[in-house]
Amino acid sequence: MSLPPKNGLEKIKPVTHGGLNYAELEELGIRPESIIDFSTGINPLGAPPGLMEKLTAVSIETYPDSGARELTRALAENLKVQPDNILVGNGSSEVLWLCAAAYFSPGDRVVIIEPTFGEYETASLMAGSLPVKVVLKSPDFPLDTAEVIALARTNGAKGLFLCNPNNPTGTYISKR
């Protein structure tokens, strides 16, 4: 188990994701074209057929609906749930931060299974909660769910971040 200092905020570093850091690569003397970047879900095949035509038909002279009502209704209908059960955000990081801000309070303990997406810890710390880490070992990064549940209970955890399939390990927990 690893806990940050009392308020945890002094440990927060800006998280950057979504591509290469060209300044860092230059400092290290590494050419960007020599790197295979697995940090993003960039499609190496380019845009799907017809997408560019659709994008050029989109009106951009006004701001989009900040409540994403049309998208929310369409998702709710497709998923057969109530629109109030849908949360739309500008990417997974925003949704993650909103959830952490809504559900975690200062001092709450949150279990994070590592290695994983770094935003889990950052969002937890920004909410003032205390990450309780389970660090998986390579080469296969096996997860002992009984251990994680026991750790969460022992620490009175209010939440648990479980990335499935996990990024970056690719491990998957089946429903069993």
# chains A, B, ... in the order shown; residues from 1 in each chain; ligands from 1

$ residues_around --residues "region 99-107 of chain A" --least-positions-apart "3" --cutoff "8 Å" --atoms "only C-alpha atoms" --output "list in words"
Asn7, Val95, Leu96, Ala123, Ser124, Met126, Ala127, Gly128, Ser129, Leu130, Lys158 and Gly159 of chain A

$ write_last_selection --atoms "N, CA and C atoms" --output "mmCIF file, in the first residue's frame"
data_model
loop_
_atom_site.group_PDB
_atom_site.id
_atom_site.type_symbol
_atom_site.label_atom_id
_atom_site.label_comp_id
_atom_site.auth_asym_id
_atom_site.auth_seq_id
_atom_site.Cartn_x
_atom_site.Cartn_y
_atom_site.Cartn_z
ATOM 1 N N ASN A 7 -2.016 15.962 2.150
ATOM 2 C CA ASN A 7 -3.026 16.467 1.214
ATOM 3 C C ASN A 7 -2.814 15.956 -0.204
ATOM 4 N N VAL A 95 -14.513 12.740 -18.052
ATOM 5 C CA VAL A 95 -15.530 11.959 -17.351
ATOM 6 C C VAL A 95 -14.945 11.391 -16.055
ATOM 7 N N LEU A 96 -13.728 10.911 -16.124
ATOM 8 C CA LEU A 96 -13.042 10.372 -14.947
ATOM 9 C C LEU A 96 -12.891 11.442 -13.871
ATOM 10 N N ALA A 123 -6.721 12.164 -10.752
ATOM 11 C CA ALA A 123 -8.093 12.575 -10.422
ATOM 12 C C ALA A 123 -8.390 12.320 -8.949
ATOM 13 N N SER A 124 -7.912 11.203 -8.430
ATOM 14 C CA SER A 124 -8.119 10.894 -7.006
ATOM 15 C C SER A 124 -7.452 11.938 -6.118
ATOM 16 N N MET A 126 -6.603 15.013 -6.894
ATOM 17 C CA MET A 126 -7.255 16.321 -7.029
ATOM 18 C C MET A 126 -8.539 16.380 -6.200
ATOM 19 N N ALA A 127 -9.178 15.231 -6.004
ATOM 20 C CA ALA A 127 -10.382 15.190 -5.158
ATOM 21 C C ALA A 127 -10.006 15.142 -3.678
ATOM 22 N N GLY A 128 -8.702 15.028 -3.391
ATOM 23 C CA GLY A 128 -8.249 14.978 -2.009
ATOM 24 C C GLY A 128 -8.249 13.575 -1.414
ATOM 25 N N SER A 129 -8.537 12.588 -2.253
ATOM 26 C CA SER A 129 -8.569 11.220 -1.740
ATOM 27 C C SER A 129 -7.158 10.631 -1.709
ATOM 28 N N LEU A 130 -7.045 9.505 -1.039
ATOM 29 C CA LEU A 130 -5.753 8.868 -0.845
ATOM 30 C C LEU A 130 -5.680 7.564 -1.622
ATOM 31 N N LYS A 158 -13.471 3.856 -0.616
ATOM 32 C CA LYS A 158 -14.734 4.351 -1.151
ATOM 33 C C LYS A 158 -14.864 4.036 -2.628
ATOM 34 N N GLY A 159 -13.734 3.764 -3.271
ATOM 35 C CA GLY A 159 -13.775 3.485 -4.699
ATOM 36 C C GLY A 159 -12.628 2.604 -5.132
#

$ closest_residue --among "A:Val111, A:Leu51, A:Val81, A:Val88" --to "Gly67 (chain A)" --atoms "only C-alpha atoms"
A:Val88
